[in-house]
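Next comes query38.txt, a file with compact mmCIF, C-alpha atoms.
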```txt
# COMPACT_ATOMS: atom_id res chain seq x y z
CA MET G 8 -41.33 -9.64 -13.39
CA LYS G 9 -40.89 -10.03 -9.63
CA ALA G 10 -37.43 -10.04 -8.00
CA VAL G 11 -35.80 -9.88 -4.55
CA ARG G 12 -33.49 -6.87 -4.82
CA PHE G 13 -30.59 -5.73 -2.63
CA PHE G 14 -30.44 -1.93 -2.38
CA GLY G 15 -27.76 -1.54 0.28
CA HIS G 16 -26.96 -2.31 3.90
CA LYS G 17 -29.90 -4.31 5.39
CA ASP G 18 -32.19 -3.07 2.61
CA VAL G 19 -33.84 -5.98 0.76
CA ARG G 20 -37.11 -5.43 -1.08
CA VAL G 21 -39.39 -7.52 -3.27
CA VAL G 22 -39.94 -5.52 -6.46
CA ASN G 23 -42.71 -6.30 -8.97
CA ASP G 24 -41.86 -4.11 -11.97
CA ILE G 25 -38.48 -5.41 -13.17
CA GLU G 26 -38.26 -5.65 -16.95
CA ARG G 27 -37.78 -9.19 -18.20
CA PRO G 28 -34.36 -9.48 -19.90
CA VAL G 29 -33.92 -10.53 -23.52
CA PRO G 30 -30.91 -12.78 -24.21
CA LYS G 31 -28.47 -12.07 -27.03
CA GLY G 32 -25.26 -13.71 -28.20
CA ASP G 33 -24.38 -16.57 -25.85
CA GLU G 34 -26.78 -15.42 -23.12
CA VAL G 35 -29.57 -17.66 -21.80
CA LEU G 36 -32.82 -16.64 -20.11
CA LEU G 37 -34.04 -19.07 -17.45
CA ARG G 38 -37.48 -19.42 -15.97
CA ILE G 39 -36.48 -19.96 -12.36
CA GLY G 40 -37.74 -23.07 -10.59
CA GLY G 41 -35.98 -22.43 -7.30
CA ALA G 42 -33.36 -20.18 -5.74
CA GLY G 43 -31.57 -21.32 -2.59
CA VAL G 44 -31.19 -19.00 0.39
CA CYS G 45 -27.60 -19.08 1.65
CA HIS G 46 -25.89 -17.71 4.75
CA SER G 47 -23.53 -15.89 2.38
CA ASP G 48 -26.48 -13.67 1.49
CA LEU G 49 -26.45 -12.38 5.06
CA HIS G 50 -22.82 -11.33 4.69
CA ILE G 51 -23.94 -9.17 1.76
CA ILE G 52 -27.09 -7.86 3.46
CA ASP G 53 -25.82 -7.33 7.01
CA GLU G 54 -22.09 -6.83 6.64
CA GLY G 55 -21.77 -5.01 3.33
CA THR G 56 -19.39 -7.40 1.58
CA VAL G 57 -20.80 -6.13 -1.73
CA VAL G 58 -21.31 -2.36 -1.93
CA GLY G 59 -22.14 0.32 -4.46
CA THR G 60 -24.53 -1.67 -6.64
CA VAL G 61 -28.18 -2.73 -6.73
CA PHE G 62 -28.90 -6.27 -7.88
CA THR G 63 -31.17 -9.31 -7.55
CA LEU G 64 -30.09 -11.74 -4.84
CA GLY G 65 -29.77 -15.51 -5.18
CA HIS G 66 -26.67 -17.49 -6.17
CA GLU G 67 -28.10 -21.04 -5.91
CA ASN G 68 -30.29 -21.25 -8.99
CA ALA G 69 -32.06 -23.80 -11.14
CA GLY G 70 -34.82 -23.66 -13.71
CA TRP G 71 -35.84 -24.24 -17.30
CA ILE G 72 -34.45 -22.52 -20.37
CA GLU G 73 -37.00 -20.00 -21.60
CA GLU G 74 -35.09 -18.27 -24.39
CA ILE G 75 -31.57 -18.40 -25.88
CA GLY G 76 -29.33 -15.92 -27.66
CA GLU G 77 -28.47 -16.41 -31.30
CA ASN G 78 -25.04 -17.92 -30.56
CA VAL G 79 -26.12 -20.55 -28.02
CA GLU G 80 -25.56 -24.16 -29.08
CA GLY G 81 -26.53 -27.41 -27.39
CA TYR G 82 -29.48 -26.10 -25.41
CA LYS G 83 -33.15 -25.56 -26.23
CA LYS G 84 -36.26 -24.14 -24.58
CA GLY G 85 -37.48 -26.34 -21.73
CA ASP G 86 -34.12 -27.88 -20.79
CA ALA G 87 -33.71 -28.16 -17.00
CA VAL G 88 -30.40 -26.75 -15.80
CA LEU G 89 -28.40 -25.49 -12.83
CA VAL G 90 -26.51 -22.21 -12.92
CA TYR G 91 -22.87 -22.60 -11.91
CA GLY G 92 -22.42 -19.93 -9.24
CA PRO G 93 -18.93 -18.34 -9.45
CA TRP G 94 -18.59 -16.44 -12.72
CA GLY G 95 -15.01 -15.96 -13.91
CA CYS G 96 -13.62 -14.32 -17.01
CA GLY G 97 -13.92 -17.59 -18.93
CA HIS G 98 -10.47 -17.18 -20.53
CA CYS G 99 -7.70 -17.50 -17.90
CA LYS G 100 -6.06 -20.84 -17.03
CA PRO G 101 -8.25 -21.62 -13.95
CA CYS G 102 -11.39 -20.83 -15.97
CA GLN G 103 -10.21 -23.06 -18.81
CA GLN G 104 -9.83 -25.82 -16.21
CA SER G 105 -13.47 -25.16 -15.18
CA LYS G 106 -12.25 -23.62 -11.88
CA GLU G 107 -13.96 -20.26 -12.29
CA ASN G 108 -14.14 -20.12 -8.49
CA TYR G 109 -10.40 -19.34 -8.65
CA CYS G 110 -10.44 -17.05 -11.71
CA ASP G 111 -7.29 -14.95 -12.04
CA HIS G 112 -9.49 -11.86 -12.40
CA GLN G 113 -11.73 -12.49 -9.39
CA SER G 114 -10.55 -9.32 -7.63
CA GLU G 115 -11.56 -7.19 -10.63
CA GLN G 116 -15.15 -8.33 -11.10
CA ALA G 117 -18.36 -9.36 -9.35
CA TYR G 118 -18.29 -12.93 -8.07
CA GLY G 119 -21.44 -13.95 -9.95
CA GLY G 120 -25.21 -13.79 -10.12
CA GLY G 121 -26.61 -12.85 -6.71
CA LEU G 122 -23.11 -11.74 -5.67
CA GLY G 123 -22.94 -8.32 -7.28
CA LEU G 124 -24.76 -9.20 -10.51
CA ASP G 125 -28.42 -10.15 -10.93
CA GLY G 126 -29.15 -13.57 -9.45
CA GLY G 127 -32.08 -15.96 -9.45
CA MET G 128 -34.48 -14.80 -6.73
CA ALA G 129 -36.83 -13.73 -9.49
CA ASP G 130 -39.27 -15.08 -12.05
CA TYR G 131 -36.51 -15.07 -14.67
CA MET G 132 -32.70 -14.88 -14.67
CA LEU G 133 -30.35 -13.84 -17.46
CA VAL G 134 -27.23 -16.04 -17.49
CA PRO G 135 -24.35 -14.30 -19.36
CA SER G 136 -22.93 -17.44 -20.97
CA SER G 137 -24.19 -20.94 -21.74
CA ARG G 138 -20.90 -22.32 -20.35
CA LEU G 139 -22.30 -21.54 -16.87
CA LEU G 140 -25.16 -24.03 -17.25
CA VAL G 141 -25.12 -27.65 -16.06
CA PRO G 142 -27.93 -29.98 -17.20
CA ILE G 143 -29.90 -31.76 -14.46
CA TYR G 144 -31.96 -34.05 -16.71
CA ASP G 145 -34.75 -35.61 -14.60
CA LEU G 146 -34.05 -33.71 -11.36
CA ASP G 147 -36.63 -31.21 -10.10
CA PRO G 148 -35.09 -27.69 -10.29
CA VAL G 149 -36.76 -26.73 -6.99
CA ILE G 150 -34.98 -29.56 -5.20
CA ALA G 151 -31.78 -29.25 -7.22
CA ALA G 152 -31.10 -25.51 -6.86
CA PRO G 153 -29.04 -25.79 -3.61
CA LEU G 154 -26.76 -28.36 -5.23
CA THR G 155 -24.89 -25.42 -6.77
CA ASP G 156 -23.45 -24.36 -3.41
CA ALA G 157 -24.78 -26.39 -0.47
CA ALA G 158 -23.58 -29.59 -2.19
CA LEU G 159 -20.82 -28.36 -4.52
CA THR G 160 -18.88 -26.52 -1.79
CA PRO G 161 -18.61 -29.47 0.65
CA TYR G 162 -18.04 -31.89 -2.23
CA SER G 163 -15.05 -29.91 -3.49
CA ALA G 164 -13.67 -29.52 0.05
CA ILE G 165 -13.97 -33.26 0.70
CA LYS G 166 -12.56 -34.26 -2.67
CA ARG G 167 -9.28 -32.43 -2.05
CA SER G 168 -8.80 -34.56 1.10
CA LEU G 169 -10.12 -37.82 -0.32
CA PRO G 170 -6.76 -39.67 -0.31
CA LYS G 171 -6.65 -39.18 3.48
CA LEU G 172 -10.22 -40.33 4.14
CA MET G 173 -9.44 -44.04 4.43
CA ALA G 174 -11.36 -46.63 6.45
CA ASP G 175 -8.84 -46.56 9.30
CA GLU G 176 -9.15 -42.78 9.78
CA TYR G 177 -11.57 -40.32 11.37
CA VAL G 178 -13.13 -37.19 9.91
CA VAL G 179 -14.72 -34.46 12.04
CA VAL G 180 -17.55 -32.34 10.62
CA ILE G 181 -18.25 -29.15 12.59
CA GLY G 182 -21.67 -27.63 11.88
CA VAL G 183 -24.64 -29.66 10.61
CA GLY G 184 -26.35 -26.82 8.73
CA GLY G 185 -27.03 -26.13 5.06
CA LEU G 186 -23.59 -27.36 3.91
CA GLY G 187 -22.66 -29.62 6.80
CA HIS G 188 -25.70 -31.89 6.47
CA VAL G 189 -24.80 -32.50 2.82
CA ALA G 190 -21.14 -33.07 3.70
CA LEU G 191 -22.17 -35.94 5.97
CA GLN G 192 -23.98 -37.65 3.10
CA ILE G 193 -21.08 -37.11 0.68
CA LEU G 194 -18.60 -38.53 3.20
CA ARG G 195 -20.87 -41.53 3.75
CA GLU G 196 -20.95 -42.22 0.01
CA ILE G 197 -17.42 -41.53 -1.25
CA SER G 198 -15.09 -42.00 1.73
CA GLY G 199 -14.30 -44.79 4.15
CA ALA G 200 -13.46 -42.69 7.21
CA GLU G 201 -15.55 -42.82 10.38
CA ILE G 202 -17.53 -39.64 10.81
CA ILE G 203 -17.71 -37.54 13.99
CA ALA G 204 -20.26 -34.71 13.76
CA CYS G 205 -20.32 -31.62 15.99
CA ASP G 206 -23.07 -29.05 16.50
CA VAL G 207 -24.57 -27.03 19.34
CA THR G 208 -28.17 -28.32 19.33
CA GLU G 209 -29.48 -31.79 20.08
CA ASP G 210 -31.83 -31.84 17.08
CA LYS G 211 -28.92 -31.15 14.70
CA LEU G 212 -26.89 -33.92 16.37
CA ALA G 213 -29.80 -36.35 16.02
CA PHE G 214 -30.08 -35.30 12.36
CA ALA G 215 -26.36 -36.01 11.92
CA LYS G 216 -26.84 -39.57 13.20
CA GLU G 217 -29.61 -40.09 10.65
CA LEU G 218 -27.27 -38.92 7.89
CA GLY G 219 -24.46 -41.32 8.70
CA ALA G 220 -22.38 -39.90 11.55
CA ALA G 221 -20.95 -42.68 13.71
CA TYR G 222 -20.49 -40.29 16.66
CA VAL G 223 -21.95 -36.92 17.63
CA ILE G 224 -20.48 -34.33 20.01
CA ASN G 225 -22.02 -31.11 21.30
CA SER G 226 -19.36 -28.55 20.45
CA LYS G 227 -20.61 -26.25 23.23
CA ASP G 228 -19.28 -28.73 25.79
CA ALA G 229 -16.13 -27.46 27.45
CA ASP G 230 -14.52 -30.86 26.96
CA ALA G 231 -15.63 -31.37 23.33
CA ALA G 232 -12.03 -31.83 22.16
CA GLU G 233 -11.39 -34.40 24.88
CA GLN G 234 -14.57 -36.28 23.91
CA ILE G 235 -13.40 -36.43 20.30
CA GLN G 236 -9.93 -37.62 21.32
CA LYS G 237 -11.46 -40.44 23.38
CA ILE G 238 -12.98 -41.67 20.13
CA THR G 239 -9.97 -41.16 17.85
CA GLY G 240 -7.29 -42.10 20.31
CA ILE G 241 -3.77 -40.72 20.04
CA LYS G 242 -3.87 -40.52 16.23
CA LYS G 243 -6.66 -37.87 16.27
CA ALA G 244 -8.74 -36.96 13.17
CA LYS G 245 -7.02 -37.04 9.78
CA VAL G 246 -9.46 -34.46 8.34
CA VAL G 247 -11.50 -31.71 10.03
CA LEU G 248 -14.17 -29.90 8.01
CA ASP G 249 -15.32 -26.70 9.72
CA PHE G 250 -18.60 -25.44 8.24
CA VAL G 251 -18.90 -22.67 10.83
CA GLY G 252 -15.59 -20.83 10.73
CA ALA G 253 -15.90 -19.11 14.10
CA THR G 254 -12.86 -18.67 16.33
CA SER G 255 -14.24 -21.31 18.72
CA THR G 256 -14.70 -23.92 16.00
CA ILE G 257 -11.30 -23.21 14.44
CA ASP G 258 -9.80 -23.66 17.90
CA LEU G 259 -11.62 -26.98 18.29
CA GLY G 260 -10.30 -28.13 14.94
CA THR G 261 -6.69 -27.36 15.87
CA LYS G 262 -7.05 -29.53 18.98
CA VAL G 263 -8.39 -32.61 17.23
CA VAL G 264 -6.62 -32.67 13.82
CA SER G 265 -3.84 -35.22 13.44
CA LEU G 266 -0.24 -35.02 12.30
CA ASP G 267 -0.16 -34.52 8.51
CA GLY G 268 -3.91 -33.90 8.60
CA ASP G 269 -6.17 -31.42 6.84
CA LEU G 270 -7.98 -28.61 8.67
CA THR G 271 -10.42 -27.21 6.12
CA ILE G 272 -12.35 -24.07 7.07
CA VAL G 273 -15.39 -23.71 4.82
CA GLY G 274 -17.69 -21.60 7.00
CA LEU G 275 -17.62 -17.81 6.81
CA GLY G 276 -18.03 -17.23 10.54
CA GLY G 277 -15.34 -14.56 10.67
CA GLY G 278 -13.10 -16.47 13.07
CA HIS G 279 -9.39 -15.87 13.69
CA TYR G 280 -6.42 -18.16 14.15
CA GLN G 281 -3.20 -16.98 15.74
CA TYR G 282 -0.41 -19.09 14.32
CA SER G 283 2.33 -20.42 16.56
CA MET G 284 4.92 -23.15 16.01
CA ASN G 285 3.28 -25.48 18.54
CA GLY G 286 -0.31 -24.50 17.75
CA LEU G 287 -0.82 -27.14 15.06
CA PRO G 288 0.55 -30.67 14.72
CA PHE G 289 3.38 -30.95 12.19
CA GLY G 290 2.34 -31.40 8.58
CA VAL G 291 -1.18 -30.00 8.96
CA SER G 292 -2.61 -28.16 5.95
CA MET G 293 -5.03 -25.37 6.90
CA THR G 294 -7.11 -24.29 3.90
CA ASN G 295 -10.12 -22.11 3.12
CA PRO G 296 -11.59 -23.46 -0.13
CA TYR G 297 -14.09 -21.42 -2.11
CA TRP G 298 -16.98 -23.17 -3.87
CA GLY G 299 -15.94 -25.78 -6.51
CA SER G 300 -15.39 -26.28 -10.22
CA ARG G 301 -18.00 -26.70 -12.97
CA THR G 302 -16.94 -30.29 -13.57
CA GLU G 303 -17.33 -31.02 -9.86
CA LEU G 304 -20.86 -29.65 -10.08
CA MET G 305 -21.52 -32.22 -12.83
CA GLU G 306 -20.29 -34.92 -10.44
CA VAL G 307 -22.59 -33.58 -7.71
CA VAL G 308 -25.53 -33.82 -10.13
CA GLY G 309 -24.53 -37.46 -10.66
CA LEU G 310 -24.67 -38.15 -6.92
CA ALA G 311 -28.08 -36.51 -6.68
CA ARG G 312 -29.47 -38.43 -9.66
CA GLN G 313 -28.27 -41.67 -8.05
CA LYS G 314 -30.12 -40.58 -4.88
CA LYS G 315 -26.88 -40.75 -2.88
CA ILE G 316 -27.34 -37.21 -1.56
CA HIS G 317 -30.48 -35.31 -0.68
CA ILE G 318 -30.72 -31.70 0.46
CA GLU G 319 -33.32 -31.11 3.14
CA ILE G 320 -35.30 -28.09 1.92
CA GLU G 321 -38.22 -25.91 2.92
CA LYS G 322 -40.04 -23.98 0.19
CA HIS G 323 -41.05 -20.31 0.41
CA LYS G 324 -42.49 -17.65 -1.89
CA LEU G 325 -40.38 -14.78 -3.19
CA ASP G 326 -42.54 -12.43 -1.11
CA ASP G 327 -41.31 -14.19 2.05
CA ALA G 328 -37.62 -13.45 1.44
CA ASN G 329 -37.10 -11.08 4.38
CA GLU G 330 -38.92 -13.41 6.75
CA VAL G 331 -36.70 -16.29 5.61
CA TYR G 332 -33.56 -14.22 6.16
CA ASP G 333 -34.75 -13.40 9.70
CA ARG G 334 -35.25 -17.11 10.43
CA MET G 335 -31.77 -17.81 9.07
CA ARG G 336 -30.28 -15.17 11.39
CA GLN G 337 -31.96 -16.99 14.29
CA GLY G 338 -30.66 -20.39 13.18
CA LYS G 339 -34.16 -21.73 12.56
CA ILE G 340 -33.66 -23.10 9.04
CA LYS G 341 -33.24 -26.87 8.87
CA GLY G 342 -31.20 -27.76 5.82
CA ARG G 343 -31.82 -25.20 3.07
CA ALA G 344 -34.58 -22.71 2.34
CA VAL G 345 -35.54 -22.34 -1.34
CA LEU G 346 -37.53 -19.45 -2.80
CA VAL G 347 -39.95 -20.62 -5.48
CA PRO G 348 -41.44 -18.04 -7.90
```

For the structure just supplied, provide its representation as structure tokens.
Amino acid sequence: MKAVRFFGHKDVRVVNDIERPVPKGDEVLLRIGGAGVCHSDLHIIDEGTVVGTVFTLGHENAGWIEEIGENVEGYKKGDAVLVYGPWGCGHCKPCQQSKENYCDHQSEQAYGGGLGLDGGMADYMLVPSSRLLVPIYDLDPVIAAPLTDAALTPYSAIKRSLPKLMADEYVVVIGVGGLGHVALQILREISGAEIIACDVTEDKLAFAKELGAAYVINSKDADAAEQIQKITGIKKAKVVLDFVGATSTIDLGTKVVSLDGDLTIVGLGGGHYQYSMNGLPFGVSMTNPYWGSRTELMEVVGLARQKKIHIEIEKHKLDDANEVYDRMRQGKIKGRAVLVP
């Protein structure tokens, strides 16, 4: 079978002679419908966050069950499913709560398929346990694949702040990319807060308006914080969701978040924050959530099936993987790219 393989620093190749796996026990073999291309892949490829192993890329995966191991129950050939991305031990307390993204043993093992273990940028993918599957029913796996990260990650980040996202409050979304454009839709559907969206290009800001942002601000403007505060007034924004994570965007967030607010840094932009007593308003919670739980992914599927969220995608062949990664480095992907075998 064909697969997009990571061989080491900046070495990604499309290989045609990979042996198709055979599932046993509780394993499941999927015929891949689509595999999302995520900015996290670039951290692996360009920055070496995963070293010393060769594996198939792709951690946003959906497809149809092709074959099941002898111990699998509740699934059959042809079922359309998502693959939950963060793979924990399955036994510790967080895993038992479906929060494998916070598995107690995370530091001792690969994070999941496409993140140290074989992922879904291939014709077929072997999933090590049926517990990692989430049914998608009538959704198209090609369209649904990015739900596993591009929708789950912002959904989980928003949900933890939901009690603060009332109709008399403001929420700031920084970065209208693969995750940020979904966050806008989720906020529109499940919260009452007025949305202020920030990005550095006019087309992304126009896109944000289409997706429900009440206000848009170019975060490159030297007075971006002042523009936001003119909208929010003295109370500032109760929640700031930073989908970039650069030092400049973290700095912007600290200037516009309110007393007792949430500053949530989702993006992996490598930014730094130097804490000082007067650097943040009192009561602010600064967090860096990672992905979301399996049950939250089920809720995301519900939103998608109700057509309350839609991920903007562009389809590409597996053979085009390196070209797609180059376009992502240049910021030329609108929404999410999906590789389709």

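Shortest atom-to-atom contact with Val291 in chain G among G:Glu306, G:Asp258, G:Asp267, G:Glu209: G:Asp267, counting only C-alpha atoms.
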
At a cut-off of 10 Å, using only C-alpha atoms, what residues contact Lys166 in chain G? Leave out same-chain residues fewer than 6 positions from it and give the result as a tab-separated table (two decimals) with C-alpha atoms, in the coordinates of the input.
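New file around39.tsv:
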```
chain	number	residue	atom	x	y	z
G	172	LEU	CA	-10.22	-40.33	4.14
G	193	ILE	CA	-21.08	-37.11	0.68
G	194	LEU	CA	-18.60	-38.53	3.20
G	197	ILE	CA	-17.42	-41.53	-1.25
G	198	SER	CA	-15.09	-42.00	1.73
G	299	GLY	CA	-15.94	-25.78	-6.51
G	303	GLU	CA	-17.33	-31.02	-9.86
```

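Of the residues listed (G:Asn295, G:Gln234, G:Ser300, G:Gln281), G:Asn295 shows the shortest atom-to-atom separation from Phe250 in chain G; distances use all atoms listed in the file.
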
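For the choices G:Thr302, G:Asn78, G:Lys84, G:Ile272, the atom-to-atom distance to Cys102 in chain G is smallest for G:Thr302 when using only C-alpha atoms.
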
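Counting only C-alpha atoms, the residue from G:Asp18, G:Glu67, G:Asp147, G:Asp327 that sits nearest to Val90 in chain G is G:Glu67.
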
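If you measure from each of G:Asp228, G:Glu107, G:Glu54, G:Glu319 to Trp94 in chain G using all atoms listed in the file, the closest one turns out to be G:Glu107.
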
So which residues touch Tyr282 in chain G within 12 Å, counting all atoms listed in the file, skipping near sequence neighbours fewer than 3 positions away, as a tab-separated table (two decimals) with C-alpha atoms, keeping the file's coordinate frame?
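Here's the written file part26.tsv:
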```tsv
chain	number	residue	atom	x	y	z
G	257	ILE	CA	-11.30	-23.21	14.44
G	258	ASP	CA	-9.80	-23.66	17.90
G	261	THR	CA	-6.69	-27.36	15.87
G	279	HIS	CA	-9.39	-15.87	13.69
G	285	ASN	CA	3.28	-25.48	18.54
G	286	GLY	CA	-0.31	-24.50	17.75
G	287	LEU	CA	-0.82	-27.14	15.06
G	288	PRO	CA	0.55	-30.67	14.72
G	293	MET	CA	-5.03	-25.37	6.90
```
